[in-house]
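**Student:** Hey, dropping structure.tsv in here, TSV, C-alpha atoms:
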```
chain	number	residue	atom	x	y	z
I	1	MET	CA	-5.51	10.35	-30.79
I	2	LYS	CA	-8.77	9.01	-32.17
I	3	GLN	CA	-11.71	10.38	-30.21
I	4	ASN	CA	-15.22	9.03	-30.11
I	5	LYS	CA	-18.28	11.20	-30.65
I	6	MET	CA	-18.81	11.80	-26.93
I	7	GLU	CA	-15.26	13.09	-26.53
I	8	ARG	CA	-15.47	15.36	-29.57
I	9	LEU	CA	-18.53	17.06	-28.05
I	10	LEU	CA	-16.52	18.22	-25.03
I	11	PRO	CA	-15.17	21.80	-25.09
I	12	ARG	CA	-11.47	21.79	-25.92
I	13	GLU	CA	-10.48	22.98	-22.42
I	14	GLN	CA	-12.26	19.95	-20.93
I	15	ARG	CA	-10.53	17.37	-23.10
I	16	PRO	CA	-7.81	15.71	-21.02
I	17	TYR	CA	-5.28	15.30	-23.85
I	18	GLU	CA	-5.54	18.91	-24.94
I	19	LYS	CA	-5.45	20.16	-21.35
I	20	CYS	CA	-2.36	18.06	-20.62
I	21	GLU	CA	-0.62	19.34	-23.75
I	22	GLU	CA	-1.39	22.97	-22.96
I	23	LYS	CA	-1.02	23.04	-19.15
I	24	GLY	CA	0.97	19.93	-18.26
I	25	ALA	CA	0.06	16.76	-16.37
I	26	LYS	CA	0.08	18.54	-12.99
I	27	ALA	CA	-2.97	20.53	-14.06
I	28	LEU	CA	-5.07	17.38	-14.55
I	29	THR	CA	-7.51	15.99	-12.00
I	30	ASN	CA	-7.37	12.32	-10.98
I	31	GLN	CA	-10.31	11.71	-13.27
I	32	GLU	CA	-8.55	13.36	-16.22
I	33	LEU	CA	-5.31	11.45	-15.60
I	34	LEU	CA	-7.18	8.16	-15.52
I	35	ALA	CA	-9.11	9.10	-18.68
I	36	ILE	CA	-5.86	9.58	-20.57
I	37	LEU	CA	-4.55	6.22	-19.41
I	38	LEU	CA	-7.80	4.46	-20.32
I	39	ARG	CA	-7.64	6.22	-23.73
I	40	THR	CA	-11.20	5.45	-24.85
I	41	GLY	CA	-14.72	5.30	-23.49
I	42	SER	CA	-17.66	3.81	-25.34
I	43	ARG	CA	-20.31	4.92	-27.84
I	44	LYS	CA	-22.41	6.31	-25.00
I	45	GLU	CA	-19.68	7.46	-22.65
I	46	SER	CA	-16.47	9.44	-23.01
I	47	ALA	CA	-13.20	8.27	-21.47
I	48	LEU	CA	-13.58	11.10	-18.96
I	49	GLU	CA	-17.03	9.90	-17.89
I	50	LEU	CA	-15.82	6.31	-17.68
I	51	ALA	CA	-12.86	7.37	-15.54
I	52	GLY	CA	-15.17	9.24	-13.16
I	53	ARG	CA	-17.44	6.24	-12.81
I	54	VAL	CA	-14.52	3.90	-12.13
I	55	LEU	CA	-13.14	6.23	-9.44
I	56	HIS	CA	-16.50	6.12	-7.66
I	57	SER	CA	-17.12	2.41	-8.03
I	58	CYS	CA	-15.69	1.12	-4.74
I	59	PRO	CA	-18.35	1.23	-1.99
I	60	GLY	CA	-17.34	3.51	0.86
I	61	GLU	CA	-13.95	4.36	-0.62
I	62	ASP	CA	-14.02	6.69	-3.62
I	63	GLY	CA	-11.03	7.98	-5.52
I	64	LEU	CA	-7.55	6.56	-5.96
I	65	MET	CA	-7.65	4.59	-2.71
I	66	GLY	CA	-10.76	2.80	-3.88
I	67	LEU	CA	-9.30	2.25	-7.33
I	68	CYS	CA	-6.24	0.44	-5.99
I	69	SER	CA	-8.36	-1.77	-3.77
I	70	LEU	CA	-10.34	-3.19	-6.70
I	71	SER	CA	-9.36	-6.61	-8.04
I	72	MET	CA	-9.27	-7.63	-11.69
I	73	ALA	CA	-12.62	-9.35	-11.20
I	74	ASP	CA	-14.11	-6.22	-9.62
I	75	LEU	CA	-12.89	-4.06	-12.48
I	76	THR	CA	-14.11	-6.29	-15.30
I	77	GLN	CA	-17.60	-6.26	-13.79
I	78	LEU	CA	-17.79	-2.52	-14.48
I	79	HIS	CA	-19.49	-1.59	-17.74
I	80	GLY	CA	-16.86	-0.32	-20.17
I	81	ILE	CA	-13.92	-2.02	-18.44
I	82	GLY	CA	-12.71	-5.12	-20.19
I	83	ARG	CA	-9.72	-7.32	-19.50
I	84	ILE	CA	-7.19	-4.93	-21.11
I	85	LYS	CA	-8.43	-1.81	-19.34
I	86	ALA	CA	-8.55	-3.72	-16.04
I	87	MET	CA	-4.92	-4.77	-16.51
I	88	GLN	CA	-3.97	-1.17	-17.32
I	89	ILE	CA	-5.53	0.03	-14.08
I	90	LYS	CA	-3.84	-2.69	-12.00
I	91	CYS	CA	-0.50	-1.83	-13.62
I	92	ILE	CA	-1.00	1.86	-12.79
I	93	CYS	CA	-1.56	0.97	-9.14
I	94	GLU	CA	1.47	-1.31	-9.09
I	95	LEU	CA	3.68	1.37	-10.64
I	96	SER	CA	2.55	3.88	-8.01
I	97	ARG	CA	3.32	1.36	-5.27
I	98	ARG	CA	6.80	0.67	-6.61
I	99	LEU	CA	7.54	4.35	-7.13
I	100	ALA	CA	6.54	5.15	-3.56
I	101	LYS	CA	8.76	2.34	-2.28
I	102	GLU	CA	11.79	3.32	-4.35
I	103	THR	CA	11.78	6.86	-2.96
I	104	ALA	CA	13.17	5.33	0.24
I	105	GLY	CA	16.06	3.82	-1.70
I	106	PRO	CA	16.85	0.23	-2.71
I	107	SER	CA	18.21	-0.75	0.71
I	108	PRO	CA	17.50	1.95	3.29
I	109	GLN	CA	18.92	1.86	6.78
I	110	PHE	CA	15.93	1.26	9.00
I	111	THR	CA	16.82	3.59	11.84
I	112	SER	CA	13.65	5.66	12.02
I	113	PRO	CA	9.97	4.67	12.10
I	114	GLN	CA	9.19	7.23	9.41
I	115	THR	CA	11.67	5.63	6.99
I	116	ILE	CA	10.22	2.19	7.64
I	117	ALA	CA	6.60	3.30	7.36
I	118	SER	CA	7.31	5.21	4.13
I	119	TYR	CA	9.03	2.21	2.61
I	120	TYR	CA	6.18	-0.20	3.33
I	121	MET	CA	3.17	2.13	3.24
I	122	GLU	CA	2.07	1.39	-0.33
I	123	ASP	CA	2.61	-2.33	0.18
I	124	MET	CA	0.41	-2.55	3.23
I	125	ARG	CA	-2.22	0.18	3.40
I	126	HIS	CA	-4.48	-1.30	0.69
I	127	LYS	CA	-4.66	-4.80	2.16
I	128	LYS	CA	-8.08	-6.11	3.16
I	129	GLN	CA	-6.83	-8.21	6.06
I	130	GLU	CA	-4.14	-7.75	8.65
I	131	GLU	CA	-0.66	-9.05	7.90
I	132	LEU	CA	2.13	-9.25	10.43
I	133	VAL	CA	5.52	-8.69	8.85
I	134	LEU	CA	8.80	-9.59	10.52
I	135	LEU	CA	11.67	-7.36	9.45
I	136	MET	CA	15.05	-8.92	10.26
I	137	LEU	CA	18.08	-6.63	10.57
I	138	ASN	CA	21.80	-6.96	11.04
I	139	GLY	CA	23.87	-5.04	13.58
I	140	ARG	CA	23.83	-1.94	11.36
I	141	ASN	CA	20.06	-2.12	11.01
I	142	ARG	CA	20.26	-3.11	7.37
I	143	ARG	CA	17.57	-5.45	6.20
I	144	ILE	CA	18.53	-9.12	6.00
I	145	ARG	CA	15.09	-10.39	5.14
I	146	GLU	CA	11.40	-9.69	5.60
I	147	GLN	CA	8.73	-12.30	6.06
I	148	ILE	CA	4.98	-12.39	6.56
I	149	VAL	CA	4.49	-14.45	9.71
I	150	SER	CA	0.72	-14.13	10.03
I	151	ARG	CA	-2.38	-13.18	8.08
I	152	GLY	CA	-5.52	-12.23	9.93
I	153	THR	CA	-6.03	-10.50	13.27
I	154	VAL	CA	-2.80	-9.92	15.17
I	155	ASN	CA	-3.74	-11.82	18.30
I	156	GLY	CA	-1.27	-13.01	20.89
I	157	SER	CA	-3.20	-16.22	21.40
I	158	LEU	CA	-2.86	-17.10	17.72
I	159	ILE	CA	0.74	-16.05	17.10
I	160	SER	CA	3.58	-17.39	19.17
I	161	PRO	CA	6.80	-15.42	19.67
I	162	ARG	CA	8.49	-18.74	18.98
I	163	GLU	CA	7.51	-18.52	15.30
I	164	ILE	CA	9.08	-15.09	15.09
I	165	PHE	CA	12.35	-15.99	16.75
I	166	VAL	CA	12.79	-19.27	14.89
I	167	GLU	CA	12.94	-17.16	11.72
I	168	ALA	CA	15.07	-14.42	13.27
I	169	LEU	CA	17.67	-16.85	14.58
I	170	ARG	CA	17.67	-18.88	11.37
I	171	HIS	CA	18.64	-15.76	9.44
I	172	HIS	CA	21.11	-14.53	12.08
I	173	ALA	CA	19.17	-11.35	12.80
I	174	VAL	CA	20.57	-9.11	15.53
I	175	ASN	CA	17.53	-6.83	15.68
I	176	ILE	CA	13.94	-7.20	14.52
I	177	ILE	CA	11.02	-4.90	13.81
I	178	LEU	CA	7.39	-5.97	13.72
I	179	MET	CA	4.95	-4.30	11.41
I	180	HIS	CA	1.30	-4.86	10.66
I	181	ASN	CA	-1.55	-3.03	8.97
I	182	HIS	CA	-5.00	-2.04	10.13
I	183	PRO	CA	-7.42	-2.35	7.18
I	184	SER	CA	-9.73	0.16	8.89
I	185	GLY	CA	-7.14	2.84	8.17
I	186	ASP	CA	-6.80	3.73	11.87
I	187	PRO	CA	-3.35	2.67	13.15
I	188	SER	CA	-4.25	3.03	16.83
I	189	PRO	CA	-2.94	-0.06	18.68
I	190	SER	CA	-5.41	-2.46	20.24
I	191	GLU	CA	-4.94	-4.05	23.64
I	192	GLU	CA	-3.99	-7.27	21.83
I	193	ASP	CA	-1.34	-5.39	19.84
I	194	LEU	CA	0.21	-4.10	23.06
I	195	LEU	CA	0.15	-7.44	24.88
I	196	PHE	CA	1.63	-9.27	21.91
I	197	THR	CA	4.41	-6.68	21.55
I	198	LYS	CA	5.32	-7.08	25.22
I	199	ARG	CA	5.51	-10.87	24.87
I	200	VAL	CA	7.80	-10.61	21.85
I	201	GLN	CA	10.03	-8.06	23.56
I	202	GLU	CA	10.41	-10.27	26.63
I	203	ALA	CA	11.21	-13.34	24.53
I	204	GLY	CA	13.75	-11.38	22.49
I	205	SER	CA	15.59	-10.18	25.59
I	206	LEU	CA	16.12	-13.81	26.63
I	207	LEU	CA	17.40	-14.82	23.19
I	208	GLY	CA	19.60	-11.80	22.55
I	209	VAL	CA	17.53	-10.48	19.66
I	210	THR	CA	16.24	-6.95	20.21
I	211	LEU	CA	12.74	-5.89	19.19
I	212	LEU	CA	13.43	-2.33	18.05
I	213	ASP	CA	9.87	-1.33	17.22
I	214	HIS	CA	6.37	-2.41	16.34
I	215	ILE	CA	4.89	-0.18	13.64
I	216	ILE	CA	1.21	-0.18	12.76
I	217	ILE	CA	0.29	0.99	9.26
I	218	GLY	CA	-3.01	2.75	8.59
I	219	ASP	CA	-4.29	4.83	5.69
I	220	CYS	CA	-1.31	7.09	4.88
I	221	GLN	CA	-0.47	7.21	8.58
I	222	TYR	CA	1.35	5.05	11.05
I	223	ILE	CA	1.97	4.62	14.76
I	224	SER	CA	5.31	3.53	16.17
I	225	LEU	CA	5.09	1.93	19.60
I	226	LYS	CA	8.68	3.04	20.19
I	227	GLU	CA	7.83	6.66	19.37
I	228	ARG	CA	4.82	6.48	21.66
I	229	GLY	CA	7.02	5.28	24.51
I	230	ILE	CA	5.09	2.02	24.75
I	231	LEU	CA	8.12	0.01	23.63
I	232	SER	CA	11.41	0.93	25.26
I	233	VAL	CA	14.67	-0.24	23.74
```
Any chance you could put this one into structure tokens?

**Tutor:**
Amino acid sequence: MKQNKMERLLPREQRPYEKCEEKGAKALTNQELLAILLRTGSRKESALELAGRVLHSCPGEDGLMGLCSLSMADLTQLHGIGRIKAMQIKCICELSRRLAKETAGPSPQFTSPQTIASYYMEDMRHKKQEELVLLMLNGRNRRIREQIVSRGTVNGSLISPREIFVEALRHHAVNIILMHNHPSGDPSPSEEDLLFTKRVQEAGSLLGVTLLDHIIIGDCQYISLKERGILSV
């Protein structure tokens, strides 16, 4: 690999490529891993220094979480990050999201909140606004379809159970699961979350479609209203 002057000045044990070759990728820090993927820095900055600056560039959210929350426009505003490097970073984040999702299998049986939360965690925890997702299941709790039914605050006065059950009945769902994210990272349910869940459960009982759970996704954590005993099935 061609190294710039700044990188050649680093002691060998601090050079990410050499460290990876000698000790393996597991021995690398997040900064070193990103430096290898970025490949080059600039005349005044090594790839390692650039990687460190990028990882600390998201206000209030350093590290990998902050990195994945940055848009292409955000990234290209950083000195040393052009269009190609920005695309590389976005592709890294997308690969990590897909890898995390595939660990649950291509079509998991959604019988436990943990399975569901694990499957959707990387999709939902980085989002800047709340999204309410309707997961429609057959009688064996296999996914028929998923659909975003609302973006913005999950508020019972803004979302009607009718919208949810029109979709559920149209796709012949036997059971449904609701899921939404809290951009704050805290999955604790609000009073509006609880009231809305109760309304949907009551409507479902009249229509013969069971609301199995309402799962709230936070930052690498979740809360299941079924597990908490708030939603009884």

**Student:** Looking at I:Ile84, I:Cys58, I:Leu134, I:Met65, which one is nearest to Leu38 in chain I, with distances taken over all atoms listed in the file?

**Tutor:**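 Nearest candidate to Leu38 in chain I out of I:Ile84, I:Cys58, I:Leu134, I:Met65: I:Ile84.
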
**Student:** Considering all atoms listed in the file, can you say which of I:Leu207, I:Lys128, I:Gly82, I:Glu202 comes closest to Leu70 in chain I?

**Tutor:**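 Distance minimum relative to Leu70 in chain I lands on I:Lys128.
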
**Student:** For the atom pair CA of Asn175 in chain I and CA of Leu211 in chain I, what is the interatomic distance in Å to one decimal place?

**Tutor:**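 It comes out at 6.0 Å.
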
**Student:** My list of candidates is I:Pro161, I:Pro113, I:Pro189, I:Gly80. Which is closest to Arg39 in chain I when distances are computed with all atoms listed in the file?

**Tutor:**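 Looking at the shortest contact to Arg39 in chain I, the residue is I:Gly80.
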
**Student:** Name the closest residue to Ile36 in chain I among the candidates I:Gly218, I:Gly63, I:Gly52, I:Pro16; distances are taken between atoms, counting only C-alpha atoms.

**Tutor:** I:Pro16

**Student:** Counting all atoms listed in the file, find residues at most 12 Å from (12.0, 1.4, 11.7) (file frame) and give them as a VMD selection string.

**Tutor:** chain I and resid 108 to 120 134 to 137 141 to 143 175 to 179 211 to 217 222 to 227

**Student:** Distance CA of Ser69 in chain I-CA of His126 in chain I, one decimal place?

**Tutor:**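 Rounded to one decimal, the two atoms are 5.9 Å apart.
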
**Student:** Excluding same-chain residues fewer than 3 positions from range 89-104 of chain I, what lies within 6 Å of it counting only C-alpha atoms, as a ChimeraX atom specification?

**Tutor:** /I:68,86,119,122

**Student:** When you look at His79 in chain I with a cut-off of 10 Å (counting all atoms listed in the file), what residues show up, excluding the ones that are within fewer than 3 positions of it in the same chain? I need them as a ChimeraX atom specification.

**Tutor:** /I:42,50,53-54,75-76,82

**Student:** For a test of reading the model, state the distance in Å between CA of Met87 in chain I and CA of Ala73 in chain I, rounded to one decimal.

**Tutor:**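 It comes out at 10.4 Å.
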
**Student:** Check the smallest atom-to-atom distance from each of I:Lys44, I:His182, I:Lys85, I:Arg199 to Phe165 in chain I using all atoms listed in the file, then report the winner.

**Tutor:**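 Counting all atoms listed in the file, the residue closest to Phe165 in chain I is I:Arg199.
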
**Student:** Tell me which protein, DNA and RNA residues are within 8 Å of Leu64 in chain I, counting all atoms listed in the file, leaving out same-chain ones fewer than 3 positions away, and put them as a ChimeraX atom specification.

**Tutor:** /I:30,55,67-68

**Student:** Nearest to Glu163 in chain I among I:Leu28, I:Asn138, I:Val200, I:Glu130, with distances taken over only C-alpha atoms: which residue is it?

**Tutor:** I:Val200

**Student:** Please complete range 108-144 of chain I with N, CA and C atoms and give it back as a PDB file, in the coordinates of the input.

**Tutor:**
```pdb
ATOM      1  N   PRO I 108      17.347   0.906   2.277  1.00  0.00           N
ATOM      2  CA  PRO I 108      17.500   1.950   3.290  1.00  0.00           C
ATOM      3  C   PRO I 108      17.963   1.385   4.623  1.00  0.00           C
ATOM      4  N   GLN I 109      18.554   2.250   5.421  1.00  0.00           N
ATOM      5  CA  GLN I 109      18.920   1.860   6.780  1.00  0.00           C
ATOM      6  C   GLN I 109      17.711   2.156   7.656  1.00  0.00           C
ATOM      7  N   PHE I 110      17.181   1.127   8.274  1.00  0.00           N
ATOM      8  CA  PHE I 110      15.930   1.260   9.000  1.00  0.00           C
ATOM      9  C   PHE I 110      16.198   1.741  10.427  1.00  0.00           C
ATOM     10  N   THR I 111      16.515   3.017  10.536  1.00  0.00           N
ATOM     11  CA  THR I 111      16.820   3.590  11.840  1.00  0.00           C
ATOM     12  C   THR I 111      15.698   4.469  12.371  1.00  0.00           C
ATOM     13  N   SER I 112      14.741   4.809  11.544  1.00  0.00           N
ATOM     14  CA  SER I 112      13.650   5.660  12.020  1.00  0.00           C
ATOM     15  C   SER I 112      12.309   5.067  11.595  1.00  0.00           C
ATOM     16  N   PRO I 113      11.293   5.173  12.453  1.00  0.00           N
ATOM     17  CA  PRO I 113       9.970   4.670  12.100  1.00  0.00           C
ATOM     18  C   PRO I 113       9.410   5.283  10.825  1.00  0.00           C
ATOM     19  N   GLN I 114       9.701   6.564  10.608  1.00  0.00           N
ATOM     20  CA  GLN I 114       9.190   7.230   9.410  1.00  0.00           C
ATOM     21  C   GLN I 114       9.743   6.596   8.143  1.00  0.00           C
ATOM     22  N   THR I 115      11.043   6.278   8.143  1.00  0.00           N
ATOM     23  CA  THR I 115      11.670   5.630   6.990  1.00  0.00           C
ATOM     24  C   THR I 115      11.023   4.277   6.721  1.00  0.00           C
ATOM     25  N   ILE I 116      10.809   3.518   7.777  1.00  0.00           N
ATOM     26  CA  ILE I 116      10.220   2.190   7.640  1.00  0.00           C
ATOM     27  C   ILE I 116       8.787   2.279   7.131  1.00  0.00           C
ATOM     28  N   ALA I 117       8.006   3.150   7.759  1.00  0.00           N
ATOM     29  CA  ALA I 117       6.600   3.300   7.360  1.00  0.00           C
ATOM     30  C   ALA I 117       6.482   3.780   5.921  1.00  0.00           C
ATOM     31  N   SER I 118       7.343   4.711   5.517  1.00  0.00           N
ATOM     32  CA  SER I 118       7.310   5.210   4.130  1.00  0.00           C
ATOM     33  C   SER I 118       7.637   4.108   3.139  1.00  0.00           C
ATOM     34  N   TYR I 119       8.590   3.264   3.512  1.00  0.00           N
ATOM     35  CA  TYR I 119       9.030   2.210   2.610  1.00  0.00           C
ATOM     36  C   TYR I 119       7.944   1.163   2.386  1.00  0.00           C
ATOM     37  N   TYR I 120       7.172   0.871   3.423  1.00  0.00           N
ATOM     38  CA  TYR I 120       6.180  -0.200   3.330  1.00  0.00           C
ATOM     39  C   TYR I 120       4.738   0.290   3.181  1.00  0.00           C
ATOM     40  N   MET I 121       4.527   1.590   3.232  1.00  0.00           N
ATOM     41  CA  MET I 121       3.170   2.130   3.240  1.00  0.00           C
ATOM     42  C   MET I 121       2.336   1.640   2.058  1.00  0.00           C
ATOM     43  N   GLU I 122       2.857   1.760   0.841  1.00  0.00           N
ATOM     44  CA  GLU I 122       2.070   1.390  -0.330  1.00  0.00           C
ATOM     45  C   GLU I 122       1.876  -0.119  -0.442  1.00  0.00           C
ATOM     46  N   ASP I 123       2.772  -0.876   0.167  1.00  0.00           N
ATOM     47  CA  ASP I 123       2.610  -2.330   0.180  1.00  0.00           C
ATOM     48  C   ASP I 123       1.455  -2.761   1.076  1.00  0.00           C
ATOM     49  N   MET I 124       1.263  -2.031   2.178  1.00  0.00           N
ATOM     50  CA  MET I 124       0.410  -2.550   3.230  1.00  0.00           C
ATOM     51  C   MET I 124      -0.922  -1.832   3.414  1.00  0.00           C
ATOM     52  N   ARG I 125      -1.019  -0.575   3.025  1.00  0.00           N
ATOM     53  CA  ARG I 125      -2.220   0.180   3.400  1.00  0.00           C
ATOM     54  C   ARG I 125      -3.466  -0.214   2.614  1.00  0.00           C
ATOM     55  N   HIS I 126      -3.310  -0.906   1.481  1.00  0.00           N
ATOM     56  CA  HIS I 126      -4.480  -1.300   0.690  1.00  0.00           C
ATOM     57  C   HIS I 126      -4.991  -2.694   1.037  1.00  0.00           C
ATOM     58  N   LYS I 127      -4.297  -3.409   1.899  1.00  0.00           N
ATOM     59  CA  LYS I 127      -4.660  -4.800   2.160  1.00  0.00           C
ATOM     60  C   LYS I 127      -5.975  -4.905   2.919  1.00  0.00           C
ATOM     61  N   LYS I 128      -6.747  -5.935   2.581  1.00  0.00           N
ATOM     62  CA  LYS I 128      -8.080  -6.110   3.160  1.00  0.00           C
ATOM     63  C   LYS I 128      -8.064  -6.860   4.482  1.00  0.00           C
ATOM     64  N   GLN I 129      -6.953  -7.528   4.770  1.00  0.00           N
ATOM     65  CA  GLN I 129      -6.830  -8.210   6.060  1.00  0.00           C
ATOM     66  C   GLN I 129      -5.475  -7.874   6.666  1.00  0.00           C
ATOM     67  N   GLU I 130      -5.389  -8.052   7.967  1.00  0.00           N
ATOM     68  CA  GLU I 130      -4.140  -7.750   8.650  1.00  0.00           C
ATOM     69  C   GLU I 130      -3.050  -8.743   8.267  1.00  0.00           C
ATOM     70  N   GLU I 131      -1.848  -8.221   8.103  1.00  0.00           N
ATOM     71  CA  GLU I 131      -0.660  -9.050   7.900  1.00  0.00           C
ATOM     72  C   GLU I 131       0.408  -8.595   8.875  1.00  0.00           C
ATOM     73  N   LEU I 132       1.022  -9.548   9.533  1.00  0.00           N
ATOM     74  CA  LEU I 132       2.130  -9.250  10.430  1.00  0.00           C
ATOM     75  C   LEU I 132       3.431  -9.570   9.716  1.00  0.00           C
ATOM     76  N   VAL I 133       4.261  -8.556   9.574  1.00  0.00           N
ATOM     77  CA  VAL I 133       5.520  -8.690   8.850  1.00  0.00           C
ATOM     78  C   VAL I 133       6.675  -8.633   9.851  1.00  0.00           C
ATOM     79  N   LEU I 134       7.587  -9.568   9.716  1.00  0.00           N
ATOM     80  CA  LEU I 134       8.800  -9.590  10.520  1.00  0.00           C
ATOM     81  C   LEU I 134       9.945  -9.043   9.665  1.00  0.00           C
ATOM     82  N   LEU I 135      10.535  -7.968  10.131  1.00  0.00           N
ATOM     83  CA  LEU I 135      11.670  -7.360   9.450  1.00  0.00           C
ATOM     84  C   LEU I 135      12.921  -7.709  10.230  1.00  0.00           C
ATOM     85  N   MET I 136      13.834  -8.463   9.602  1.00  0.00           N
ATOM     86  CA  MET I 136      15.050  -8.920  10.260  1.00  0.00           C
ATOM     87  C   MET I 136      16.235  -8.073   9.840  1.00  0.00           C
ATOM     88  N   LEU I 137      16.998  -7.581  10.819  1.00  0.00           N
ATOM     89  CA  LEU I 137      18.080  -6.630  10.570  1.00  0.00           C
ATOM     90  C   LEU I 137      19.403  -7.151  11.114  1.00  0.00           C
ATOM     91  N   ASN I 138      20.479  -6.646  10.501  1.00  0.00           N
ATOM     92  CA  ASN I 138      21.800  -6.960  11.040  1.00  0.00           C
ATOM     93  C   ASN I 138      22.190  -5.921  12.086  1.00  0.00           C
ATOM     94  N   GLY I 139      23.433  -5.954  12.521  1.00  0.00           N
ATOM     95  CA  GLY I 139      23.870  -5.040  13.580  1.00  0.00           C
ATOM     96  C   GLY I 139      23.872  -3.589  13.175  1.00  0.00           C
ATOM     97  N   ARG I 140      23.877  -3.315  11.854  1.00  0.00           N
ATOM     98  CA  ARG I 140      23.830  -1.940  11.360  1.00  0.00           C
ATOM     99  C   ARG I 140      22.414  -1.527  10.955  1.00  0.00           C
ATOM    100  N   ASN I 141      21.475  -2.343  11.332  1.00  0.00           N
ATOM    101  CA  ASN I 141      20.060  -2.120  11.010  1.00  0.00           C
ATOM    102  C   ASN I 141      19.793  -2.074   9.501  1.00  0.00           C
ATOM    103  N   ARG I 142      20.547  -2.866   8.774  1.00  0.00           N
ATOM    104  CA  ARG I 142      20.260  -3.110   7.370  1.00  0.00           C
ATOM    105  C   ARG I 142      19.404  -4.363   7.266  1.00  0.00           C
ATOM    106  N   ARG I 143      18.497  -4.335   6.344  1.00  0.00           N
ATOM    107  CA  ARG I 143      17.570  -5.450   6.200  1.00  0.00           C
ATOM    108  C   ARG I 143      18.279  -6.714   5.728  1.00  0.00           C
ATOM    109  N   ILE I 144      18.076  -7.802   6.442  1.00  0.00           N
ATOM    110  CA  ILE I 144      18.530  -9.120   6.000  1.00  0.00           C
ATOM    111  C   ILE I 144      17.428  -9.793   5.200  1.00  0.00           C
TER     112      ILE I 144
END
```
